[in-house]
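S.K.: Could you have a look at this structure, given as structure tokens, before my questions?
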Amino acid sequence: MTATSELPYVEEEGLTLGPVPGVPGRYRFAGTGEAEGAAVLDRFLGQLHQQTLSRELREVTLELMELEFINSSCLKAMVAWIYKVDTEGRPYKIRLLRDASLHWQRTSIATLQRLAPDVVVIEDRAKK
Amino acid sequence: MAGKIANWLIDFCQMAIDDLETTSRLHMAAHELVENVLKYGSSPEVGLEFELERGDDNSIVRLRTRNTAAPEQLREVTRRVSELKAAPDPIAYYDRLIRSTAPVMGMSGLGLARIRAEAGLDVDCSVEGREVSIVVQTTMRSDR
């Protein structure tokens, strides 16, 4: 992977993670994240972070509307990433697109924003 | 694995509860509880119960897991649940826990606090010998 190449599309342990083609800094997450998925998500977010820094992007967007559920192990992977961005100079903002009709997305995405209100922006979108 | 069991349990709950919000909250709790049983249980014998206690105006819905675990795990879960129950503001407690564990690699330890703060369920536990029983519950308006 180089700074200019897209992140690899990942379909592993119930999760589908990948870039939205043709839109730099925009990614789509889908599926269900259980304990086994935490390492997959952690690895993907690590690559995403490195690439965002390399490309000097000011914002990344995650489309989460098709993410059916993540347990606390996967939530922890997102927490660790957001905490890193928040405590290492806030080099970019993180825009999370959620489906507010899903109870867990309403509560868990709000939890992530409370962790780093200057970094995380929430946008409500309906599932396509 | 945990997801399949949690989904099966929630399908069963939906036969008794016609309240999407409550079943969504129970779904989150079921995921976290089953995950804990699979992660910390020390024998294949586990229990997973759903209980609906109907009243005239309100009903109580309850999920309970039972499993044996190592003594240090029993002490740890008891400590966590005691802390959680003593916290006057579950969301503030959860946020503090998230912030303090964010830089720590490895296990999340957030599951029970998430059930309390995000799913809005009461959490309790009891230990008997080497068996721990975790109960989460909420009150909902009874169907008329």
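Order determines the names: the first chain of the structure tokens is A, the second B, and so forth; residues in each chain are numbered 1 upward, and ligands are numbered 1 upward as they are shown.
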Output as JSON, numbers by chain all residues of chain A that backbone DSSP marks as strand (DSSP E or B).
M.R.: {"A": [10, 11, 12, 15, 16, 17, 18, 19, 26, 27, 28, 29, 30, 31, 32, 33, 59, 60, 61, 62, 63, 64, 65, 66, 67, 68, 69, 70, 93, 94, 95, 96, 97, 98, 120, 121, 122, 123, 124]}
S.K.: Show me, as a ChimeraX atom specification, the residues of chain B whose atoms get within 9 Å of chain A, using only C-alpha atoms for the distance check.
M.R.: /B:1-3,21,24-25,28,31-32,35,91,94-95,98-99,101-111,114,117-119
S.K.: Keeping only N, CA and C atoms, write those residues as an mmCIF file, in the first residue's frame.
M.R.:
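Result file follows (part.cif):
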data_model
loop_
_atom_site.group_PDB
_atom_site.id
_atom_site.type_symbol
_atom_site.label_atom_id
_atom_site.label_comp_id
_atom_site.auth_asym_id
_atom_site.auth_seq_id
_atom_site.Cartn_x
_atom_site.Cartn_y
_atom_site.Cartn_z
ATOM 1 N N MET B 1 -20.248 -16.442 16.354
ATOM 2 C CA MET B 1 -20.865 -17.374 17.295
ATOM 3 C C MET B 1 -21.759 -16.643 18.298
ATOM 4 N N ALA B 2 -21.213 -15.604 18.977
ATOM 5 C CA ALA B 2 -22.004 -14.861 19.970
ATOM 6 C C ALA B 2 -23.200 -14.204 19.290
ATOM 7 N N GLY B 3 -22.974 -13.685 18.093
ATOM 8 C CA GLY B 3 -24.051 -13.019 17.363
ATOM 9 C C GLY B 3 -25.184 -13.964 17.033
ATOM 10 N N GLU B 21 -38.000 -0.992 20.493
ATOM 11 C CA GLU B 21 -36.953 -0.299 21.248
ATOM 12 C C GLU B 21 -36.388 -1.216 22.341
ATOM 13 N N SER B 24 -34.354 -4.025 20.868
ATOM 14 C CA SER B 24 -33.043 -3.539 20.396
ATOM 15 C C SER B 24 -32.067 -3.419 21.567
ATOM 16 N N ARG B 25 -32.582 -2.930 22.698
ATOM 17 C CA ARG B 25 -31.726 -2.798 23.888
ATOM 18 C C ARG B 25 -31.322 -4.181 24.402
ATOM 19 N N MET B 28 -28.514 -5.702 22.213
ATOM 20 C CA MET B 28 -27.165 -5.260 22.581
ATOM 21 C C MET B 28 -26.679 -6.018 23.814
ATOM 22 N N HIS B 31 -25.781 -9.702 23.063
ATOM 23 C CA HIS B 31 -24.470 -9.806 22.405
ATOM 24 C C HIS B 31 -23.346 -9.760 23.435
ATOM 25 N N GLU B 32 -23.409 -8.748 24.299
ATOM 26 C CA GLU B 32 -22.325 -8.551 25.264
ATOM 27 C C GLU B 32 -22.267 -9.695 26.280
ATOM 28 N N GLU B 35 -21.000 -12.922 24.643
ATOM 29 C CA GLU B 35 -19.561 -12.766 24.387
ATOM 30 C C GLU B 35 -18.761 -13.020 25.673
ATOM 31 N N ILE B 91 -23.766 6.886 32.524
ATOM 32 C CA ILE B 91 -23.124 7.348 31.280
ATOM 33 C C ILE B 91 -21.776 7.992 31.589
ATOM 34 N N TYR B 94 -19.366 5.210 32.280
ATOM 35 C CA TYR B 94 -19.007 4.554 31.012
ATOM 36 C C TYR B 94 -17.996 5.408 30.244
ATOM 37 N N ASP B 95 -18.259 6.716 30.177
ATOM 38 C CA ASP B 95 -17.337 7.614 29.460
ATOM 39 C C ASP B 95 -15.949 7.620 30.108
ATOM 40 N N ILE B 98 -14.238 4.326 29.230
ATOM 41 C CA ILE B 98 -13.777 4.353 27.833
ATOM 42 C C ILE B 98 -12.488 5.158 27.717
ATOM 43 N N ARG B 99 -12.484 6.326 28.332
ATOM 44 C CA ARG B 99 -11.304 7.186 28.238
ATOM 45 C C ARG B 99 -10.084 6.530 28.888
ATOM 46 N N THR B 101 -9.513 3.320 29.298
ATOM 47 C CA THR B 101 -9.041 2.091 28.630
ATOM 48 C C THR B 101 -8.637 2.338 27.179
ATOM 49 N N ALA B 102 -8.938 3.525 26.660
ATOM 50 C CA ALA B 102 -8.665 3.812 25.242
ATOM 51 C C ALA B 102 -7.209 3.547 24.836
ATOM 52 N N PRO B 103 -6.222 3.971 25.646
ATOM 53 C CA PRO B 103 -4.836 3.726 25.204
ATOM 54 C C PRO B 103 -4.340 2.320 25.521
ATOM 55 N N VAL B 104 -5.141 1.508 26.192
ATOM 56 C CA VAL B 104 -4.702 0.166 26.598
ATOM 57 C C VAL B 104 -5.037 -0.837 25.501
ATOM 58 N N MET B 105 -4.039 -1.593 25.081
ATOM 59 C CA MET B 105 -4.257 -2.614 24.035
ATOM 60 C C MET B 105 -4.984 -3.803 24.647
ATOM 61 N N GLY B 106 -5.722 -4.508 23.832
ATOM 62 C CA GLY B 106 -6.302 -5.775 24.286
ATOM 63 C C GLY B 106 -7.783 -5.670 24.602
ATOM 64 N N MET B 107 -8.196 -6.449 25.621
ATOM 65 C CA MET B 107 -9.625 -6.596 25.897
ATOM 66 C C MET B 107 -10.285 -5.275 26.263
ATOM 67 N N SER B 108 -11.558 -5.171 25.899
ATOM 68 C CA SER B 108 -12.237 -3.892 26.086
ATOM 69 C C SER B 108 -12.695 -3.690 27.522
ATOM 70 N N GLY B 109 -13.301 -4.697 28.136
ATOM 71 C CA GLY B 109 -13.843 -4.548 29.484
ATOM 72 C C GLY B 109 -14.990 -3.554 29.546
ATOM 73 N N LEU B 110 -15.595 -3.280 28.389
ATOM 74 C CA LEU B 110 -16.647 -2.259 28.332
ATOM 75 C C LEU B 110 -18.052 -2.845 28.321
ATOM 76 N N GLY B 111 -18.169 -4.161 28.135
ATOM 77 C CA GLY B 111 -19.464 -4.781 27.853
ATOM 78 C C GLY B 111 -20.555 -4.481 28.868
ATOM 79 N N ARG B 114 -21.482 -0.874 28.991
ATOM 80 C CA ARG B 114 -22.250 -0.518 27.798
ATOM 81 C C ARG B 114 -23.718 -0.922 27.959
ATOM 82 N N ALA B 117 -25.157 1.734 30.342
ATOM 83 C CA ALA B 117 -25.227 3.113 29.841
ATOM 84 C C ALA B 117 -25.969 3.219 28.512
ATOM 85 N N GLU B 118 -25.671 2.325 27.578
ATOM 86 C CA GLU B 118 -26.254 2.463 26.239
ATOM 87 C C GLU B 118 -27.597 1.756 26.115
ATOM 88 N N ALA B 119 -27.686 0.548 26.690
ATOM 89 C CA ALA B 119 -28.957 -0.184 26.584
ATOM 90 C C ALA B 119 -29.913 0.229 27.702
#
S.K.: Which distance in Å separates atom CA of B:Val34 and atom CA of A:Glu12, to one decimal?
M.R.: 20.9 Å
S.K.: Identify which of the residues A:Leu57, A:Val121, A:Glu88, A:Leu17 lies closest to A:Val40, counting only C-alpha atoms when measuring atom-to-atom distances.
M.R.: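 Going through A:Leu57, A:Val121, A:Glu88, A:Leu17 one by one, the smallest distance to A:Val40 is for A:Leu17.
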S.K.: Pick out each residue of chain B that DSSP on the backbone tags as helix (DSSP H, G or I); I need them as a PDB file with C-alpha atoms, in the first residue's frame.
M.R.:
ATOM      1  CA  ALA B   2     -22.004 -14.861  19.970  1.00  0.00           C
ATOM      2  CA  GLY B   3     -24.051 -13.019  17.363  1.00  0.00           C
ATOM      3  CA  LYS B   4     -25.876 -16.160  16.270  1.00  0.00           C
ATOM      4  CA  ILE B   5     -26.789 -17.044  19.844  1.00  0.00           C
ATOM      5  CA  ALA B   6     -27.811 -13.449  20.630  1.00  0.00           C
ATOM      6  CA  ASN B   7     -29.945 -13.257  17.480  1.00  0.00           C
ATOM      7  CA  TRP B   8     -31.615 -16.546  18.310  1.00  0.00           C
ATOM      8  CA  LEU B   9     -32.384 -15.291  21.815  1.00  0.00           C
ATOM      9  CA  ILE B  10     -33.798 -12.022  20.515  1.00  0.00           C
ATOM     10  CA  ASP B  11     -35.965 -13.821  17.946  1.00  0.00           C
ATOM     11  CA  PHE B  12     -37.386 -15.692  20.905  1.00  0.00           C
ATOM     12  CA  CYS B  13     -37.877 -12.440  22.898  1.00  0.00           C
ATOM     13  CA  GLN B  14     -39.756 -10.883  19.994  1.00  0.00           C
ATOM     14  CA  MET B  15     -42.390 -13.592  20.253  1.00  0.00           C
ATOM     15  CA  ALA B  16     -43.198 -12.252  23.734  1.00  0.00           C
ATOM     16  CA  LEU B  20     -38.864  -2.728  19.018  1.00  0.00           C
ATOM     17  CA  GLU B  21     -36.953  -0.299  21.248  1.00  0.00           C
ATOM     18  CA  THR B  22     -36.833  -2.770  24.143  1.00  0.00           C
ATOM     19  CA  THR B  23     -35.814  -5.680  21.929  1.00  0.00           C
ATOM     20  CA  SER B  24     -33.043  -3.539  20.396  1.00  0.00           C
ATOM     21  CA  ARG B  25     -31.726  -2.798  23.888  1.00  0.00           C
ATOM     22  CA  LEU B  26     -31.951  -6.476  24.810  1.00  0.00           C
ATOM     23  CA  HIS B  27     -30.163  -7.357  21.566  1.00  0.00           C
ATOM     24  CA  MET B  28     -27.165  -5.260  22.581  1.00  0.00           C
ATOM     25  CA  ALA B  29     -27.184  -6.815  26.047  1.00  0.00           C
ATOM     26  CA  ALA B  30     -27.486 -10.346  24.677  1.00  0.00           C
ATOM     27  CA  HIS B  31     -24.470  -9.806  22.405  1.00  0.00           C
ATOM     28  CA  GLU B  32     -22.325  -8.551  25.264  1.00  0.00           C
ATOM     29  CA  LEU B  33     -23.440 -11.207  27.757  1.00  0.00           C
ATOM     30  CA  VAL B  34     -22.965 -14.116  25.367  1.00  0.00           C
ATOM     31  CA  GLU B  35     -19.561 -12.766  24.387  1.00  0.00           C
ATOM     32  CA  ASN B  36     -18.562 -12.680  28.062  1.00  0.00           C
ATOM     33  CA  VAL B  37     -19.745 -16.243  28.632  1.00  0.00           C
ATOM     34  CA  LEU B  38     -17.750 -17.460  25.632  1.00  0.00           C
ATOM     35  CA  LYS B  39     -14.698 -15.454  26.652  1.00  0.00           C
ATOM     36  CA  TYR B  40     -14.586 -16.147  30.389  1.00  0.00           C
ATOM     37  CA  PRO B  71     -11.610 -17.296  40.752  1.00  0.00           C
ATOM     38  CA  GLU B  72      -9.842 -14.171  39.453  1.00  0.00           C
ATOM     39  CA  GLN B  73     -12.571 -13.714  36.826  1.00  0.00           C
ATOM     40  CA  LEU B  74     -15.260 -14.099  39.495  1.00  0.00           C
ATOM     41  CA  ARG B  75     -13.572 -11.423  41.598  1.00  0.00           C
ATOM     42  CA  GLU B  76     -13.173  -9.142  38.584  1.00  0.00           C
ATOM     43  CA  VAL B  77     -16.802  -9.371  37.442  1.00  0.00           C
ATOM     44  CA  THR B  78     -18.022  -8.796  41.011  1.00  0.00           C
ATOM     45  CA  ARG B  79     -15.820  -5.709  41.285  1.00  0.00           C
ATOM     46  CA  ARG B  80     -16.998  -4.342  37.961  1.00  0.00           C
ATOM     47  CA  VAL B  81     -20.682  -4.850  38.697  1.00  0.00           C
ATOM     48  CA  SER B  82     -20.312  -3.312  42.191  1.00  0.00           C
ATOM     49  CA  GLU B  83     -18.633  -0.248  40.678  1.00  0.00           C
ATOM     50  CA  LEU B  84     -21.289   0.001  38.017  1.00  0.00           C
ATOM     51  CA  LYS B  85     -24.155  -0.239  40.503  1.00  0.00           C
ATOM     52  CA  ALA B  86     -22.543   2.361  42.774  1.00  0.00           C
ATOM     53  CA  PRO B  90     -23.985   5.351  34.393  1.00  0.00           C
ATOM     54  CA  ILE B  91     -23.124   7.348  31.280  1.00  0.00           C
ATOM     55  CA  ALA B  92     -20.461   9.407  33.047  1.00  0.00           C
ATOM     56  CA  TYR B  93     -19.022   6.157  34.481  1.00  0.00           C
ATOM     57  CA  TYR B  94     -19.007   4.554  31.012  1.00  0.00           C
ATOM     58  CA  ASP B  95     -17.337   7.614  29.460  1.00  0.00           C
ATOM     59  CA  ARG B  96     -14.624   7.570  32.146  1.00  0.00           C
ATOM     60  CA  LEU B  97     -14.071   3.849  31.590  1.00  0.00           C
ATOM     61  CA  ILE B  98     -13.777   4.353  27.833  1.00  0.00           C
ATOM     62  CA  ARG B  99     -11.304   7.186  28.238  1.00  0.00           C
ATOM     63  CA  SER B 100      -9.174   5.266  30.747  1.00  0.00           C
ATOM     64  CA  THR B 101      -9.041   2.091  28.630  1.00  0.00           C
ATOM     65  CA  GLY B 111     -19.464  -4.781  27.853  1.00  0.00           C
ATOM     66  CA  LEU B 112     -21.319  -4.515  31.169  1.00  0.00           C
ATOM     67  CA  ALA B 113     -20.936  -0.739  31.354  1.00  0.00           C
ATOM     68  CA  ARG B 114     -22.250  -0.518  27.798  1.00  0.00           C
ATOM     69  CA  ILE B 115     -25.318  -2.555  28.775  1.00  0.00           C
ATOM     70  CA  ARG B 116     -25.972  -0.144  31.656  1.00  0.00           C
ATOM     71  CA  ALA B 117     -25.227   3.113  29.841  1.00  0.00           C
TER      72      ALA B 117
END
S.K.: Excluding A:Ala126 and its own-chain neighbours fewer than 5 positions away, which residues fall within 9 Å of it when counting only C-alpha atoms? Please give them as number ranges by chain.
M.R.: A: 65, 98-101
